[in-house]
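my_file24.cif, holding mmCIF, C-alpha atoms:
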```cif
data_entry
loop_
_atom_site.label_atom_id
_atom_site.label_comp_id
_atom_site.auth_asym_id
_atom_site.auth_seq_id
_atom_site.Cartn_x
_atom_site.Cartn_y
_atom_site.Cartn_z
CA MET A 1016 117.69 102.99 78.49
CA LEU A 1017 120.77 104.24 80.30
CA VAL A 1018 121.85 103.00 83.73
CA ASP A 1019 124.54 105.01 85.50
CA GLY A 1020 125.33 106.51 88.87
CA GLN A 1021 122.27 108.72 88.62
CA GLY A 1022 119.89 105.80 88.19
CA VAL A 1023 117.82 104.61 85.20
CA SER A 1024 117.18 107.12 82.41
CA LEU A 1025 115.60 107.18 78.99
CA VAL A 1026 117.76 108.99 76.46
CA ARG A 1027 116.22 109.81 73.11
CA ASP A 1028 116.44 112.60 70.51
CA GLY A 1029 118.90 114.58 72.60
CA MET A 1030 116.62 114.48 75.65
CA ARG A 1031 117.02 112.61 78.93
CA LEU A 1032 114.14 111.53 81.15
CA LYS A 1033 114.64 110.23 84.68
CA GLY A 1034 112.19 109.79 87.52
CA ASP A 1035 113.06 112.12 90.37
CA LEU A 1036 110.69 111.98 93.33
CA GLU A 1037 113.34 113.54 95.55
CA ARG A 1038 112.66 116.93 94.02
CA MET A 1039 109.17 116.67 95.55
CA ALA A 1040 110.56 116.87 99.09
CA ARG A 1041 109.59 120.52 99.52
CA ARG A 1042 106.01 119.89 98.44
CA ILE A 1043 105.36 117.10 100.94
CA ARG A 1044 106.42 119.10 103.99
CA PRO A 1045 103.52 119.37 106.47
CA ASP A 1046 103.31 123.13 106.02
CA ALA A 1047 102.97 122.73 102.24
CA LEU A 1048 101.11 119.46 101.74
CA GLY A 1049 97.74 120.72 102.92
CA ARG A 1050 97.81 123.44 100.27
CA GLU A 1051 98.27 120.97 97.40
CA LEU A 1052 95.16 121.06 95.22
CA LEU A 1053 95.25 117.28 94.67
CA VAL A 1054 95.39 116.57 98.40
CA ARG A 1055 92.43 118.86 98.97
CA ALA A 1056 90.49 117.20 96.14
CA ALA A 1057 91.17 113.70 97.48
CA ARG A 1058 90.07 114.39 101.04
CA ILE A 1059 87.36 112.09 102.36
CA LYS A 1060 84.94 113.42 104.96
CA GLY A 1061 85.20 111.35 108.10
CA GLY A 1062 88.06 109.39 106.55
CA SER A 1063 89.91 106.85 108.65
CA GLU A 1064 93.67 106.53 109.07
CA SER A 1065 93.77 103.65 106.56
CA LEU A 1066 92.58 105.35 103.39
CA THR A 1067 93.47 103.76 100.05
CA ALA A 1068 93.88 105.19 96.56
CA VAL A 1069 94.58 103.93 93.06
CA ASP A 1070 96.56 106.19 90.75
CA ALA A 1071 95.36 104.69 87.48
CA THR A 1072 97.72 106.76 85.34
CA ALA A 1073 100.84 106.83 87.49
CA GLY A 1074 103.43 108.17 85.05
CA LEU A 1075 106.50 109.11 87.09
CA GLY A 1076 104.61 108.93 90.40
CA GLU A 1077 104.58 112.55 91.53
CA ASP A 1078 100.84 112.76 92.19
CA ALA A 1079 100.88 109.37 93.91
CA LEU A 1080 103.64 110.61 96.21
CA LEU A 1081 101.47 113.55 97.28
CA LEU A 1082 98.63 111.17 98.13
CA ALA A 1083 100.95 108.82 100.01
CA ALA A 1084 102.44 111.72 101.98
CA ALA A 1085 98.87 112.71 102.87
CA GLY A 1086 98.33 109.26 104.40
CA PHE A 1087 96.87 107.18 101.57
CA SER A 1088 98.13 103.71 100.73
CA VAL A 1089 98.49 104.09 96.97
CA THR A 1090 98.49 101.51 94.18
CA LEU A 1091 100.24 102.96 91.13
CA CYS A 1092 99.24 101.56 87.72
CA GLU A 1093 101.56 102.04 84.76
CA ARG A 1094 101.12 100.15 81.52
CA ASP A 1095 104.22 101.24 79.61
CA PRO A 1096 107.19 99.04 80.61
CA VAL A 1097 109.78 101.77 80.06
CA ILE A 1098 107.93 104.36 82.16
CA ALA A 1099 107.33 101.65 84.77
CA ALA A 1100 111.08 100.96 84.89
CA LEU A 1101 111.82 104.66 85.38
CA LEU A 1102 109.20 104.84 88.12
CA ARG A 1103 110.46 101.76 89.92
CA ASP A 1104 114.01 103.12 89.92
CA SER A 1105 112.77 106.45 91.24
CA LEU A 1106 110.82 104.71 94.03
CA ASP A 1107 113.90 102.68 94.98
CA ARG A 1108 116.03 105.81 95.26
CA ALA A 1109 113.33 107.74 97.13
CA ALA A 1110 113.03 104.89 99.66
CA ALA A 1111 116.55 105.76 100.81
CA SER A 1112 115.60 109.37 101.50
CA ALA A 1113 114.88 110.26 105.11
CA VAL A 1114 112.30 112.78 103.89
CA LEU A 1115 110.47 110.52 101.42
CA ALA A 1116 110.87 107.02 102.85
CA ARG A 1117 107.73 107.03 104.99
CA ALA A 1118 105.51 108.04 102.07
CA VAL A 1119 107.21 105.63 99.65
CA GLU A 1120 106.42 102.73 102.01
CA ARG A 1121 102.76 103.38 101.22
CA MET A 1122 103.28 103.20 97.44
CA ARG A 1123 102.95 99.96 95.44
CA LEU A 1124 103.65 99.81 91.71
CA VAL A 1125 101.58 97.49 89.52
CA GLU A 1126 102.64 97.16 85.88
CA GLY A 1127 99.73 96.70 83.51
CA ASP A 1128 96.66 98.32 82.02
CA SER A 1129 94.79 100.25 84.71
CA VAL A 1130 91.39 99.17 83.39
CA ASP A 1131 92.33 95.54 84.05
CA VAL A 1132 93.87 96.41 87.42
CA LEU A 1133 90.75 98.28 88.53
CA HIS A 1134 88.56 95.33 87.59
CA ARG A 1135 90.75 92.94 89.61
CA LEU A 1136 90.88 94.88 92.89
CA ASP A 1137 90.05 92.82 95.97
CA ALA A 1138 88.36 95.76 97.69
CA SER A 1139 87.04 99.17 96.68
CA PRO A 1140 89.56 101.99 97.19
CA ASP A 1141 88.58 105.27 98.78
CA VAL A 1142 89.84 107.29 95.83
CA VAL A 1143 90.72 106.62 92.19
CA LEU A 1144 92.90 109.26 90.52
CA LEU A 1145 92.79 109.68 86.75
CA ASP A 1146 95.25 111.87 84.89
CA PRO A 1147 94.93 111.08 81.18
CA MET A 1148 97.73 112.75 79.29
CA PHE A 1149 96.95 116.19 77.92
CA PRO A 1150 99.12 118.80 76.21
CA GLY A 1151 100.45 121.29 78.73
CA GLY A 1152 103.39 123.04 80.30
CA LYS A 1153 104.59 126.46 79.25
CA ARG A 1154 108.20 125.94 80.25
CA ALA A 1155 110.53 124.35 77.71
CA ALA A 1156 111.61 121.70 80.20
CA ALA A 1157 108.01 120.68 80.80
CA LYS A 1158 107.35 120.48 77.07
CA LYS A 1159 110.43 118.32 76.49
CA LYS A 1160 109.45 115.98 79.32
CA LEU A 1161 105.93 115.63 77.90
CA GLN A 1162 107.23 115.06 74.37
CA LEU A 1163 109.50 112.26 75.53
CA ILE A 1164 106.75 110.56 77.54
CA GLN A 1165 104.40 110.81 74.57
CA THR A 1166 106.87 108.89 72.41
CA LEU A 1167 106.24 105.97 74.76
CA GLU A 1168 102.64 106.38 75.78
CA ALA A 1169 100.01 108.17 73.73
CA PRO A 1170 97.18 110.16 75.33
CA CYS A 1171 94.16 108.11 76.42
CA ASP A 1172 92.18 106.94 73.41
CA ASP A 1173 89.11 105.67 75.30
CA GLU A 1174 88.20 108.08 78.05
CA GLY A 1175 84.79 106.51 78.59
CA LYS A 1176 86.26 103.07 79.25
CA LEU A 1177 88.76 104.48 81.74
CA VAL A 1178 86.16 106.45 83.70
CA ALA A 1179 83.75 103.49 83.65
CA ALA A 1180 86.43 101.21 85.12
CA ALA A 1181 87.20 103.77 87.83
CA MET A 1182 83.53 104.02 88.82
CA ALA A 1183 83.03 100.24 88.64
CA ALA A 1184 85.78 99.84 91.25
CA GLY A 1185 83.38 101.43 93.73
CA PRO A 1186 85.52 104.21 95.23
CA ARG A 1187 84.06 106.90 97.43
CA LYS A 1188 85.42 109.47 94.99
CA VAL A 1189 86.97 109.61 91.50
CA VAL A 1190 89.37 112.55 91.12
CA ILE A 1191 90.21 113.60 87.56
CA LYS A 1192 93.10 115.93 86.70
CA ARG A 1193 92.36 118.19 83.74
CA PRO A 1194 93.70 121.36 82.11
CA ALA A 1195 92.22 124.35 83.93
CA LYS A 1196 90.01 125.24 80.96
CA GLY A 1197 89.75 121.75 79.46
CA PRO A 1198 86.55 119.79 78.85
CA TRP A 1199 85.14 117.27 81.30
CA LEU A 1200 86.58 113.80 80.86
CA ALA A 1201 84.22 111.61 78.81
CA GLY A 1202 81.68 114.43 78.99
CA ILE A 1203 80.76 113.66 82.62
CA GLU A 1204 79.90 116.73 84.68
CA PRO A 1205 81.65 116.49 88.06
CA ASP A 1206 79.93 116.96 91.39
CA TYR A 1207 82.44 119.73 92.09
CA SER A 1208 85.85 120.94 90.98
CA LEU A 1209 88.91 122.57 92.52
CA CYS A 1210 90.69 124.90 90.13
CA GLY A 1211 94.24 126.19 89.98
CA LYS A 1212 96.00 128.36 87.42
CA ALA A 1213 97.09 125.47 85.18
CA VAL A 1214 95.09 122.42 86.28
CA ARG A 1215 91.65 121.53 87.60
CA TYR A 1216 90.56 118.56 89.69
CA ASP A 1217 87.08 117.30 88.86
CA CYS A 1218 85.55 115.19 91.63
CA LEU A 1219 82.93 112.50 90.99
CA VAL A 1220 81.39 111.37 94.26
CA ALA A 1221 79.67 108.04 94.99
CA PRO A 1222 77.07 106.73 94.51
CA CYS A 1223 76.19 108.55 91.27
CA TYR A 1224 79.65 109.82 90.26
CA GLY A 1225 78.75 113.09 88.63
CA ARG A 1226 75.76 115.37 88.35
CA HIS A 1227 72.69 114.83 86.19
CA ARG A 1228 73.39 111.12 85.66
CA GLY A 1229 69.88 109.97 86.47
CA ALA A 1230 69.11 107.15 88.88
CA CYS A 1231 72.12 105.59 90.56
#
```

Represent the structure from my file as C-alpha cells, please.
Amino acid sequence: MLVDGQGVSLVRDGMRLKGDLERMARRIRPDALGRELLVRAARIKGGSESLTAVDATAGLGEDALLLAAAGFSVTLCERDPVIAALLRDSLDRAAASAVLARAVERMRLVEGDSVDVLHRLDASPDVVLLDPMFPGGKRAAAKKKLQLIQTLEAPCDDEGKLVAAAMAAGPRKVVIKRPAKGPWLAGIEPDYSLCGKAVRYDCLVAPCYGRHRGAC
C-alpha cells in the first residue's frame, strides 16, 4: 500500500490502483443519473424518500455512489481489507467534494463477508445489489484494473449462497449485474432484465425472486 498526496493506492506488478469516486461526478448529474441502467433497474414503484440498499459486492464503490445519488441510503459490504481501505480513502476524499458530498453522506462502509452482513441486518432493505466479479472490459486500463483487483479478491465461488443470502434479507428487489450475454447468476431466471451494450441487470422481485420458482 502506498500513501501519498493522492491518497491510498495499491501498487503491484507495475500497476497502481486507487479509488476515485470523483471521476463519477459527470454521471451523477441530474440530467445523466436517470439514464443510468443501474438506477433504472433499482427503481421501486411507489418508493418513499427513505429507500435503502445494500451493495453486497462494493468493490471501489462506483455502483453504490450511483444508488446514493439516486436517493438510496446504501450499506457497502467489502470483505477484502485492502480493497476496503482503498474504498474508505476514496469515500473520505469524495466527502470533501461539493458535487459528491451529499451522496457520500448516504453511504456506509461495512467491512466483512456480505453473506454474514445480510444475515445480520436489523431491517429488510429495499434493494440488494449483487455484482460478482466477472471477466470484462475491452480497454487496456479496464483489464489492468480488473487484474489487480483479482489478485486480492477472486470471483465469487458460491453464487447460490450469495443469492440465497440476498433473498433471505427480504428486499423488495435483488438486482444482479452480469455481462450482457452472460448466464443467469446461480441459474435463477430473473423476473425481468435491463440490457446495455456491455452489462445486463437482472431483477428478482419479491416475494418469489425470479420466474418459475414454484410456490413462494

- Given the file shown, determine the residues that the PyMOL selection byres ((chain A and resi 1193) around 6) selects; report them as a VMD selection string. chain A and resid 1192 1194 1214 to 1215

Could you tell me which residues the PyMOL selection byres ((chain A and resi 1042-1046) around 12) returns for this structure, as a ChimeraX atom specification? /A:1036-1041,1047-1054,1077-1086,1114-1119

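Atom to atom, CA of Ile1098 in chain A and CA of Gly1175 in chain A stand 23.5 Å apart.
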
query: Where does the PyMOL selection byres ((chain A and resi 1130) around 9) land in this file, that is, which residues does it pick, as number ranges by chain?
result: A: 1071, 1127-1129, 1131-1135, 1176-1181

re CA of Tyr1207 in chain A and CA of Val1089 in chain A: distance 22.9 Å
